[in-house]
Amino acid sequence: MKIIIINGPNLNLLGKREPDIYGNRSFEDYFIKLQSQYPSIELFYYQSNVEGYLLNKLHEVGFQYDGIVLNAGAYTHTSVALADAISAIYTPVIEVHISNVFARESFRHHSYIAPKCVGSISGLGLKSYQLAIEYFIKK
Ligand code: DQA
């Protein structure tokens, strides 16, 4: 089973970026722990700050992998192109957000990608990624 976590803009700064909202752990550190928790699956990680690169990655993995865990960061609230890419690919996508986007500014309440995803997880911290992986494994 192949699952990929795709993180969008500014998520390379996890651990340094607004730690009161996003915590003080880097994603690379968390990802090593995740991989060790699921030795029987192939778990990959990709991050980009560039919208087009995120589209390219979705196109590349979206016809081969079993699941995509996508934190599109701020592109969640702006990107019709990401929504179209999720519609185009075959691999199911789960939207995740570390923070509770509904408890924050109103511009974060709308997601272009949510209607194209199998489901969304928001506000459960880094645990959000693990819960999404569990869904794909148990499905
Ligand atoms: C985020 C929430 C977004 O609104 C924000 O732009 C991010 C991170 C989250 O994980 O909580 O960059 O996706």
# chains A, B, ... in the order shown; residues from 1 in each chain; ligands from 1
>>> closest_atom_pairs(of="stretch 84-139 of chain A", to="stretch 34-56 of chain A", cutoff="12 Å", atoms="only C-alpha atoms", output="JSON lines")
{"residue": "A:Asp84", "atom": "CA", "partner": "A:Leu55", "partner_atom": "CA", "distance": 9.4}
{"residue": "A:Ala85", "atom": "CA", "partner": "A:Leu55", "partner_atom": "CA", "distance": 6.5}
{"residue": "A:Ile86", "atom": "CA", "partner": "A:Leu55", "partner_atom": "CA", "distance": 8.9}
{"residue": "A:Ser87", "atom": "CA", "partner": "A:Leu55", "partner_atom": "CA", "distance": 11.7}
{"residue": "A:Ala88", "atom": "CA", "partner": "A:Leu55", "partner_atom": "CA", "distance": 10.7}
{"residue": "A:Ile89", "atom": "CA", "partner": "A:Leu55", "partner_atom": "CA", "distance": 10.6}
{"residue": "A:Leu126", "atom": "CA", "partner": "A:Leu34", "partner_atom": "CA", "distance": 10.2}
{"residue": "A:Lys127", "atom": "CA", "partner": "A:Leu34", "partner_atom": "CA", "distance": 9.9}
{"residue": "A:Ser128", "atom": "CA", "partner": "A:Leu34", "partner_atom": "CA", "distance": 11.7}
{"residue": "A:Tyr129", "atom": "CA", "partner": "A:Leu34", "partner_atom": "CA", "distance": 8.9}
{"residue": "A:Gln130", "atom": "CA", "partner": "A:Leu34", "partner_atom": "CA", "distance": 7.2}
{"residue": "A:Leu131", "atom": "CA", "partner": "A:Leu34", "partner_atom": "CA", "distance": 10.9}
{"residue": "A:Ala132", "atom": "CA", "partner": "A:Leu34", "partner_atom": "CA", "distance": 11.7}
{"residue": "A:Ile133", "atom": "CA", "partner": "A:Tyr38", "partner_atom": "CA", "distance": 9.2}
{"residue": "A:Glu134", "atom": "CA", "partner": "A:Tyr38", "partner_atom": "CA", "distance": 9.5}
{"residue": "A:Phe136", "atom": "CA", "partner": "A:Ile41", "partner_atom": "CA", "distance": 10.5}
{"residue": "A:Ile137", "atom": "CA", "partner": "A:Ile41", "partner_atom": "CA", "distance": 8.5}
>>> closest_atom_pairs(of="chain A", to="ligand 1", cutoff="8 Å", atoms="only C-alpha atoms and all ligand atoms", output="JSON lines")
{"residue": "A:Gly8", "atom": "CA", "partner": "ligand 1", "partner_atom_place_in_ligand_line": "12 (O)", "distance": 7.3}
{"residue": "A:Pro9", "atom": "CA", "partner": "ligand 1", "partner_atom_place_in_ligand_line": "12 (O)", "distance": 6.2}
{"residue": "A:Asn10", "atom": "CA", "partner": "ligand 1", "partner_atom_place_in_ligand_line": "12 (O)", "distance": 5.9}
{"residue": "A:Leu11", "atom": "CA", "partner": "ligand 1", "partner_atom_place_in_ligand_line": "12 (O)", "distance": 6.3}
{"residue": "A:Ile21", "atom": "CA", "partner": "ligand 1", "partner_atom_place_in_ligand_line": "11 (O)", "distance": 7.8}
{"residue": "A:Tyr22", "atom": "CA", "partner": "ligand 1", "partner_atom_place_in_ligand_line": "11 (O)", "distance": 7.0}
{"residue": "A:Asn71", "atom": "CA", "partner": "ligand 1", "partner_atom_place_in_ligand_line": "13 (O)", "distance": 5.5}
{"residue": "A:Ala72", "atom": "CA", "partner": "ligand 1", "partner_atom_place_in_ligand_line": "13 (O)", "distance": 5.9}
{"residue": "A:Gly73", "atom": "CA", "partner": "ligand 1", "partner_atom_place_in_ligand_line": "13 (O)", "distance": 3.5}
{"residue": "A:Ala74", "atom": "CA", "partner": "ligand 1", "partner_atom_place_in_ligand_line": "6 (O)", "distance": 3.3}
{"residue": "A:Tyr75", "atom": "CA", "partner": "ligand 1", "partner_atom_place_in_ligand_line": "6 (O)", "distance": 7.0}
{"residue": "A:Thr76", "atom": "CA", "partner": "ligand 1", "partner_atom_place_in_ligand_line": "3 (C)", "distance": 7.0}
{"residue": "A:His77", "atom": "CA", "partner": "ligand 1", "partner_atom_place_in_ligand_line": "4 (O)", "distance": 7.2}
{"residue": "A:Val96", "atom": "CA", "partner": "ligand 1", "partner_atom_place_in_ligand_line": "10 (O)", "distance": 6.6}
{"residue": "A:His97", "atom": "CA", "partner": "ligand 1", "partner_atom_place_in_ligand_line": "10 (O)", "distance": 3.4}
{"residue": "A:Ile98", "atom": "CA", "partner": "ligand 1", "partner_atom_place_in_ligand_line": "10 (O)", "distance": 3.7}
{"residue": "A:Ser99", "atom": "CA", "partner": "ligand 1", "partner_atom_place_in_ligand_line": "11 (O)", "distance": 3.6}
{"residue": "A:Asn100", "atom": "CA", "partner": "ligand 1", "partner_atom_place_in_ligand_line": "11 (O)", "distance": 6.3}
{"residue": "A:Val101", "atom": "CA", "partner": "ligand 1", "partner_atom_place_in_ligand_line": "4 (O)", "distance": 5.7}
{"residue": "A:Arg108", "atom": "CA", "partner": "ligand 1", "partner_atom_place_in_ligand_line": "4 (O)", "distance": 5.0}
{"residue": "A:Ser122", "atom": "CA", "partner": "ligand 1", "partner_atom_place_in_ligand_line": "11 (O)", "distance": 7.0}
{"residue": "A:Gly123", "atom": "CA", "partner": "ligand 1", "partner_atom_place_in_ligand_line": "11 (O)", "distance": 6.8}
{"residue": "A:Gly125", "atom": "CA", "partner": "ligand 1", "partner_atom_place_in_ligand_line": "11 (O)", "distance": 7.8}
>>> select_by_dssp(residues="stretch 7-133 of chain A", states="strand (DSSP E or B)", output="list in words")
Asn7, Glu42, Leu43, Phe44, Tyr45, Tyr46, Gln47, Gly67, Ile68, Val69, Leu70, Asn71, Val93, Ile94, Glu95, Val96, His97, Gly119, Ser120, Ile121 and Ser122 of chain A
>>> select_by_dssp(residues="stretch 43-117 of chain A", states="alpha helix (DSSP H)", output="PyMOL selection string")
chain A and resi 51-61+80-88
>>> write_last_selection(atoms="C-alpha atoms", output="JSON list (two decimals), in the first residue's frame")
[["chain", "number", "residue", "atom", "x", "y", "z"],
["A", 51, "GLU", "CA", 1.13, 25.66, -6.43],
["A", 52, "GLY", "CA", 2.18, 24.21, -9.80],
["A", 53, "TYR", "CA", 4.55, 21.73, -8.16],
["A", 54, "LEU", "CA", 1.73, 20.53, -5.93],
["A", 55, "LEU", "CA", -0.38, 20.02, -9.06],
["A", 56, "ASN", "CA", 2.46, 18.11, -10.72],
["A", 57, "LYS", "CA", 2.82, 15.84, -7.68],
["A", 58, "LEU", "CA", -0.94, 15.14, -7.56],
["A", 59, "HIS", "CA", -0.84, 14.22, -11.27],
["A", 60, "GLU", "CA", 2.21, 12.01, -10.74],
["A", 61, "VAL", "CA", 0.91, 9.99, -7.78],
["A", 80, "VAL", "CA", -9.52, 26.14, -8.05],
["A", 81, "ALA", "CA", -6.60, 24.43, -9.80],
["A", 82, "LEU", "CA", -5.95, 22.11, -6.84],
["A", 83, "ALA", "CA", -9.66, 21.31, -6.64],
["A", 84, "ASP", "CA", -9.67, 20.45, -10.36],
["A", 85, "ALA", "CA", -6.58, 18.25, -9.93],
["A", 86, "ILE", "CA", -8.24, 16.28, -7.13],
["A", 87, "SER", "CA", -11.28, 15.78, -9.37],
["A", 88, "ALA", "CA", -9.03, 14.60, -12.20]]
>>> residues_around(residues="A:Ile68", least_positions_apart="2", cutoff="8 Å", atoms="only C-alpha atoms", output="ChimeraX atom specification")
/A:3-6,62,65-66,70,91-94
>>> write_last_selection(atoms="all heavy atoms", output="short mmCIF file (atom, residue, chain, number, x, y, z; two decimals), in the first residue's frame")
data_model
loop_
_atom_site.label_atom_id
_atom_site.label_comp_id
_atom_site.auth_asym_id
_atom_site.auth_seq_id
_atom_site.Cartn_x
_atom_site.Cartn_y
_atom_site.Cartn_z
N ILE A 3 0.97 5.36 0.34
CA ILE A 3 0.28 6.58 0.78
C ILE A 3 1.29 7.72 0.76
O ILE A 3 2.44 7.54 1.17
CB ILE A 3 -0.29 6.40 2.21
CG1 ILE A 3 -1.38 5.31 2.21
CG2 ILE A 3 -0.86 7.72 2.74
CD1 ILE A 3 -1.94 4.99 3.58
N ILE A 4 0.84 8.88 0.30
CA ILE A 4 1.72 10.05 0.34
C ILE A 4 1.06 11.20 1.10
O ILE A 4 -0.15 11.43 0.96
CB ILE A 4 2.14 10.50 -1.09
CG1 ILE A 4 3.17 11.64 -1.00
CG2 ILE A 4 0.95 10.89 -1.93
CD1 ILE A 4 3.90 11.91 -2.32
N ILE A 5 1.88 11.85 1.90
CA ILE A 5 1.47 13.10 2.55
C ILE A 5 2.02 14.23 1.70
O ILE A 5 3.22 14.27 1.40
CB ILE A 5 2.05 13.19 3.97
CG1 ILE A 5 1.44 12.11 4.86
CG2 ILE A 5 1.80 14.59 4.57
CD1 ILE A 5 2.12 11.98 6.22
N ILE A 6 1.15 15.15 1.30
CA ILE A 6 1.58 16.32 0.53
C ILE A 6 1.26 17.57 1.35
O ILE A 6 0.10 17.80 1.71
CB ILE A 6 0.87 16.38 -0.85
CG1 ILE A 6 1.18 15.11 -1.66
CG2 ILE A 6 1.30 17.63 -1.61
CD1 ILE A 6 0.51 15.07 -3.04
N GLY A 62 -1.38 10.44 -8.47
CA GLY A 62 -2.83 10.29 -8.38
C GLY A 62 -3.44 9.18 -9.21
O GLY A 62 -4.66 8.98 -9.18
N TYR A 65 -1.11 5.69 -6.48
CA TYR A 65 -1.07 5.51 -5.02
C TYR A 65 -2.46 5.14 -4.49
O TYR A 65 -3.47 5.35 -5.16
CB TYR A 65 -0.56 6.79 -4.34
CG TYR A 65 0.94 6.97 -4.40
CD1 TYR A 65 1.64 6.81 -5.59
CD2 TYR A 65 1.66 7.32 -3.27
CE1 TYR A 65 3.01 6.99 -5.65
CE2 TYR A 65 3.04 7.50 -3.32
CZ TYR A 65 3.70 7.34 -4.52
OH TYR A 65 5.06 7.52 -4.56
N ASP A 66 -2.47 4.63 -3.25
CA ASP A 66 -3.74 4.21 -2.64
C ASP A 66 -4.39 5.33 -1.84
O ASP A 66 -5.59 5.26 -1.55
CB ASP A 66 -3.48 3.01 -1.72
CG ASP A 66 -2.85 1.88 -2.51
OD1 ASP A 66 -3.54 1.33 -3.37
OD2 ASP A 66 -1.65 1.58 -2.30
N LEU A 70 -3.56 15.41 2.12
CA LEU A 70 -3.17 16.72 1.59
C LEU A 70 -3.47 17.85 2.56
O LEU A 70 -4.63 18.07 2.93
CB LEU A 70 -3.94 16.98 0.28
CG LEU A 70 -3.75 18.36 -0.37
CD1 LEU A 70 -2.30 18.59 -0.79
CD2 LEU A 70 -4.68 18.51 -1.58
N THR A 91 -6.83 8.56 -7.22
CA THR A 91 -6.50 8.26 -5.82
C THR A 91 -7.33 9.15 -4.89
O THR A 91 -7.39 10.37 -5.08
CB THR A 91 -4.99 8.53 -5.57
OG1 THR A 91 -4.24 7.72 -6.48
CG2 THR A 91 -4.59 8.21 -4.14
N PRO A 92 -7.95 8.54 -3.86
CA PRO A 92 -8.73 9.36 -2.92
C PRO A 92 -7.83 10.27 -2.09
O PRO A 92 -6.71 9.92 -1.73
CB PRO A 92 -9.43 8.33 -2.02
CG PRO A 92 -8.70 7.05 -2.22
CD PRO A 92 -8.03 7.10 -3.56
N VAL A 93 -8.34 11.47 -1.82
CA VAL A 93 -7.59 12.48 -1.08
C VAL A 93 -8.33 12.83 0.21
O VAL A 93 -9.55 13.01 0.21
CB VAL A 93 -7.43 13.77 -1.93
CG1 VAL A 93 -6.69 14.86 -1.15
CG2 VAL A 93 -6.71 13.47 -3.25
N ILE A 94 -7.58 12.89 1.32
CA ILE A 94 -8.14 13.42 2.58
C ILE A 94 -7.48 14.77 2.83
O ILE A 94 -6.26 14.91 2.78
CB ILE A 94 -7.88 12.47 3.76
CG1 ILE A 94 -8.58 11.13 3.52
CG2 ILE A 94 -8.39 13.10 5.07
CD1 ILE A 94 -8.37 10.11 4.63
#
>>> atom_distance(atom1="atom CA of A:Lys116", atom2="atom CA of A:Phe63")
15.7 Å
>>> closest_residue(among="A:Tyr112, A:Lys2, A:Glu105, A:Tyr135", to="A:Ser79", atoms="only C-alpha atoms")
A:Tyr112
>>> atom_distance(atom1="atom CA of A:Ser111", atom2="atom CA of A:Thr78")
7.7 Å
>>> closest_residue(among="A:Val69, A:Ile113, A:Ala103, A:Val118", to="A:Asn7", atoms="only C-alpha atoms")
A:Val69
>>> atom_distance(atom1="atom CA of A:Lys16", atom2="atom CA of A:Ala114")
27.1 Å
>>> decode(residues="stretch 83-94 of chain A", atoms="all heavy atoms", output="PDB file, in the first residue's frame")
ATOM      1  N   ALA A  83      -8.365  22.005  -6.662  1.00  0.00           N
ATOM      2  CA  ALA A  83      -9.661  21.313  -6.635  1.00  0.00           C
ATOM      3  C   ALA A  83      -9.856  20.525  -7.928  1.00  0.00           C
ATOM      4  O   ALA A  83     -10.278  19.357  -7.904  1.00  0.00           O
ATOM      5  CB  ALA A  83     -10.788  22.320  -6.438  1.00  0.00           C
ATOM      6  N   ASP A  84      -9.524  21.140  -9.063  1.00  0.00           N
ATOM      7  CA  ASP A  84      -9.665  20.451 -10.356  1.00  0.00           C
ATOM      8  C   ASP A  84      -8.734  19.241 -10.443  1.00  0.00           C
ATOM      9  O   ASP A  84      -9.109  18.202 -10.997  1.00  0.00           O
ATOM     10  CB  ASP A  84      -9.347  21.411 -11.511  1.00  0.00           C
ATOM     11  CG  ASP A  84     -10.501  22.368 -11.818  1.00  0.00           C
ATOM     12  OD1 ASP A  84     -11.600  22.185 -11.265  1.00  0.00           O
ATOM     13  OD2 ASP A  84     -10.285  23.302 -12.609  1.00  0.00           O
ATOM     14  N   ALA A  85      -7.527  19.376  -9.896  1.00  0.00           N
ATOM     15  CA  ALA A  85      -6.578  18.251  -9.933  1.00  0.00           C
ATOM     16  C   ALA A  85      -7.114  17.079  -9.123  1.00  0.00           C
ATOM     17  O   ALA A  85      -7.010  15.915  -9.543  1.00  0.00           O
ATOM     18  CB  ALA A  85      -5.215  18.696  -9.391  1.00  0.00           C
ATOM     19  N   ILE A  86      -7.701  17.368  -7.967  1.00  0.00           N
ATOM     20  CA  ILE A  86      -8.241  16.283  -7.129  1.00  0.00           C
ATOM     21  C   ILE A  86      -9.400  15.591  -7.853  1.00  0.00           C
ATOM     22  O   ILE A  86      -9.551  14.370  -7.785  1.00  0.00           O
ATOM     23  CB  ILE A  86      -8.663  16.839  -5.741  1.00  0.00           C
ATOM     24  CG1 ILE A  86      -7.435  17.353  -4.991  1.00  0.00           C
ATOM     25  CG2 ILE A  86      -9.370  15.757  -4.916  1.00  0.00           C
ATOM     26  CD1 ILE A  86      -7.748  18.198  -3.766  1.00  0.00           C
ATOM     27  N   SER A  87     -10.195  16.380  -8.580  1.00  0.00           N
ATOM     28  CA  SER A  87     -11.282  15.775  -9.372  1.00  0.00           C
ATOM     29  C   SER A  87     -10.726  14.889 -10.484  1.00  0.00           C
ATOM     30  O   SER A  87     -11.338  13.877 -10.837  1.00  0.00           O
ATOM     31  CB  SER A  87     -12.134  16.858 -10.048  1.00  0.00           C
ATOM     32  OG  SER A  87     -12.806  17.608  -9.106  1.00  0.00           O
ATOM     33  N   ALA A  88      -9.577  15.292 -11.030  1.00  0.00           N
ATOM     34  CA  ALA A  88      -9.033  14.599 -12.203  1.00  0.00           C
ATOM     35  C   ALA A  88      -8.396  13.252 -11.872  1.00  0.00           C
ATOM     36  O   ALA A  88      -8.416  12.341 -12.699  1.00  0.00           O
ATOM     37  CB  ALA A  88      -7.992  15.498 -12.877  1.00  0.00           C
ATOM     38  N   ILE A  89      -7.819  13.140 -10.671  1.00  0.00           N
ATOM     39  CA  ILE A  89      -7.059  11.924 -10.348  1.00  0.00           C
ATOM     40  C   ILE A  89      -7.979  10.837  -9.783  1.00  0.00           C
ATOM     41  O   ILE A  89      -9.130  11.110  -9.423  1.00  0.00           O
ATOM     42  CB  ILE A  89      -5.896  12.243  -9.367  1.00  0.00           C
ATOM     43  CG1 ILE A  89      -6.426  12.801  -8.045  1.00  0.00           C
ATOM     44  CG2 ILE A  89      -4.913  13.207 -10.033  1.00  0.00           C
ATOM     45  CD1 ILE A  89      -5.342  13.106  -7.002  1.00  0.00           C
ATOM     46  N   TYR A  90      -7.447   9.613  -9.709  1.00  0.00           N
ATOM     47  CA  TYR A  90      -8.244   8.483  -9.210  1.00  0.00           C
ATOM     48  C   TYR A  90      -8.022   8.222  -7.718  1.00  0.00           C
ATOM     49  O   TYR A  90      -8.874   7.680  -7.038  1.00  0.00           O
ATOM     50  CB  TYR A  90      -7.891   7.198  -9.963  1.00  0.00           C
ATOM     51  CG  TYR A  90      -8.202   7.201 -11.444  1.00  0.00           C
ATOM     52  CD1 TYR A  90      -7.647   6.237 -12.285  1.00  0.00           C
ATOM     53  CD2 TYR A  90      -9.066   8.162 -11.995  1.00  0.00           C
ATOM     54  CE1 TYR A  90      -7.934   6.230 -13.647  1.00  0.00           C
ATOM     55  CE2 TYR A  90      -9.351   8.158 -13.353  1.00  0.00           C
ATOM     56  CZ  TYR A  90      -8.781   7.192 -14.180  1.00  0.00           C
ATOM     57  OH  TYR A  90      -9.059   7.180 -15.512  1.00  0.00           O
ATOM     58  N   THR A  91      -6.827   8.559  -7.220  1.00  0.00           N
ATOM     59  CA  THR A  91      -6.495   8.264  -5.815  1.00  0.00           C
ATOM     60  C   THR A  91      -7.329   9.148  -4.885  1.00  0.00           C
ATOM     61  O   THR A  91      -7.388  10.368  -5.083  1.00  0.00           O
ATOM     62  CB  THR A  91      -4.992   8.529  -5.572  1.00  0.00           C
ATOM     63  OG1 THR A  91      -4.244   7.717  -6.482  1.00  0.00           O
ATOM     64  CG2 THR A  91      -4.592   8.206  -4.145  1.00  0.00           C
ATOM     65  N   PRO A  92      -7.954   8.539  -3.857  1.00  0.00           N
ATOM     66  CA  PRO A  92      -8.726   9.360  -2.920  1.00  0.00           C
ATOM     67  C   PRO A  92      -7.828  10.274  -2.093  1.00  0.00           C
ATOM     68  O   PRO A  92      -6.706   9.917  -1.734  1.00  0.00           O
ATOM     69  CB  PRO A  92      -9.426   8.331  -2.021  1.00  0.00           C
ATOM     70  CG  PRO A  92      -8.703   7.054  -2.217  1.00  0.00           C
ATOM     71  CD  PRO A  92      -8.032   7.104  -3.562  1.00  0.00           C
ATOM     72  N   VAL A  93      -8.343  11.465  -1.816  1.00  0.00           N
ATOM     73  CA  VAL A  93      -7.586  12.483  -1.081  1.00  0.00           C
ATOM     74  C   VAL A  93      -8.327  12.827   0.215  1.00  0.00           C
ATOM     75  O   VAL A  93      -9.552  13.014   0.205  1.00  0.00           O
ATOM     76  CB  VAL A  93      -7.429  13.767  -1.933  1.00  0.00           C
ATOM     77  CG1 VAL A  93      -6.688  14.861  -1.155  1.00  0.00           C
ATOM     78  CG2 VAL A  93      -6.708  13.465  -3.246  1.00  0.00           C
ATOM     79  N   ILE A  94      -7.583  12.895   1.316  1.00  0.00           N
ATOM     80  CA  ILE A  94      -8.135  13.420   2.575  1.00  0.00           C
ATOM     81  C   ILE A  94      -7.480  14.775   2.828  1.00  0.00           C
ATOM     82  O   ILE A  94      -6.256  14.909   2.781  1.00  0.00           O
ATOM     83  CB  ILE A  94      -7.880  12.472   3.759  1.00  0.00           C
ATOM     84  CG1 ILE A  94      -8.577  11.134   3.518  1.00  0.00           C
ATOM     85  CG2 ILE A  94      -8.389  13.101   5.070  1.00  0.00           C
ATOM     86  CD1 ILE A  94      -8.375  10.111   4.628  1.00  0.00           C
TER      87      ILE A  94
END
